[in-house]
Each structure stands twice: as structure tokens, then as C-alpha cells.
Amino acid sequence: MQKDIAQYPFVETGGLLLGRQDGDTLTVYQMVDGGQTYAKREKASFCYDYGYVQQQTDKICAWYKPEIGVIGVWHKHNCIGGDRPFSDADEIIHMQLLQKAEQSVLSILFESDKNTSACQMRTFVLQTDFNHICVEAEIIE
């Protein structure tokens with residue numbers, strides 16, 4: 001994620017989070033970036049290269065036994081703060097993930113200052129009732 005954010009400091013970007021849920025614990029093992037060739041990155045929007053993302057997701061998930069799956073998304077906005085962290089487009093993706101997963105999913109949001117490359121990270125657990133809970137995330141490398 002850091003590499004992708006550094007590569008695209010002044011436009012939005014994102015990708016998928018791959019992992020497992022065990023009880024109340026969501027564990028991310030890998031991530032997939034949004035692609036290069038057909039991904040669309042702009043100041044206020046981002047669209048995945050769906051073919052690339054699907055191919056990478058299938059390949060990476062198959063490496064794990066038992067297999068991992070899509071448990072969330074990560075993305076970057078070019079602003080910090082605000083009363084409403086997610087756009088309508090973000091919420092549509094969240095709803096699709098929740099309906100497919102039938103369990104809680106993660107949404108990691110990086111917010112960057114539009115004038116610098118400084119970023120802050122917020123992690124949300126999105127529950128099946130569409131409630132969003134901002135949580136502290138433990139990062140283990």
C-alpha cells in the first residue's frame with residue numbers, strides 16, 4: 001500500500017485486502033493494488049483495473065491453504081478529516097463486499113494532505129448491519 005500511495009501521491013488509489021476472519025478477528029495476509037494499465041486514478045476518484053485485480057486475487061489466494069479471500073478494501077483520499085470519511089462510491093463497494101462476504105469486512109482509508117505527501121491511516125470494521133466502526137489496527141510485518 002505504501003508503495004502505491006508513494007507512486008500516486010496526488011491522485012486517489014486503492015486495492016483489495018486478502019485474508020481471513022476467525023471469530024471477531026480479521027487478519028490481512030496480502031493486498032492487491034488497483035492495477036496499472038486500466039486503472040483510473042484522478043484527484044477525486046479511483047477505479048480498479050478489474051481484470052488485473054481479479055487475476056492477482058485468484059493467484060494470491062491460491063497460495064494459502066486453507067485459501068484466503070477478499071476481506072476488505074484499502075484506498076486513499078486526497079483530503080484529511082471530514083465528517084463523512086467515505087464517498088457514495090466507496091459505500092457502494094462496501095455494500096457489495098458485505099453482501100458477498102456475509103461477515104464483517106475492513107476498509108483502510110489513507111487520507112493525504114492535498115499539498116504534501118503526508119498521509120494518515122484510519123481502519124474501519126464494516127459490519128453486516130452497515131455500521132462502520134473506526135478501530136485501532138495492529139500492524140505486524
# chains A, B, ... in the order shown; residues from 1 in each chain; ligands from 1
>>> residues_around(residues="region 99-116 of chain A", least_positions_apart="5", cutoff="6 Å", atoms="only C-alpha atoms", output="list of chain:residue names")
A:Ile71, A:Gly72, A:Val73, A:Trp74, A:His75, A:Lys76, A:His77, A:Asn78, A:Cys79, A:Ile80, A:Met121, A:Arg122, A:Thr123, A:Phe124, A:Val125, A:Leu126, A:Gln127, A:Thr128
>>> closest_residue(among="A:Gly34, A:Met95, A:Ser87, A:Leu18", to="Lys59 (chain A)", atoms="only C-alpha atoms")
A:Leu18
>>> select_by_dssp(residues="region 30-99 of chain A", states="alpha helix (DSSP H)", output="ChimeraX atom specification")
/A:50-62,88-99
>>> atom_distance(atom1="CA of Thr27 (chain A)", atom2="CA of Cys119 (chain A)")
22.6 Å
>>> atom_distance(atom1="CA of Cys47 (chain A)", atom2="CA of Tyr29 (chain A)")
23.0 Å
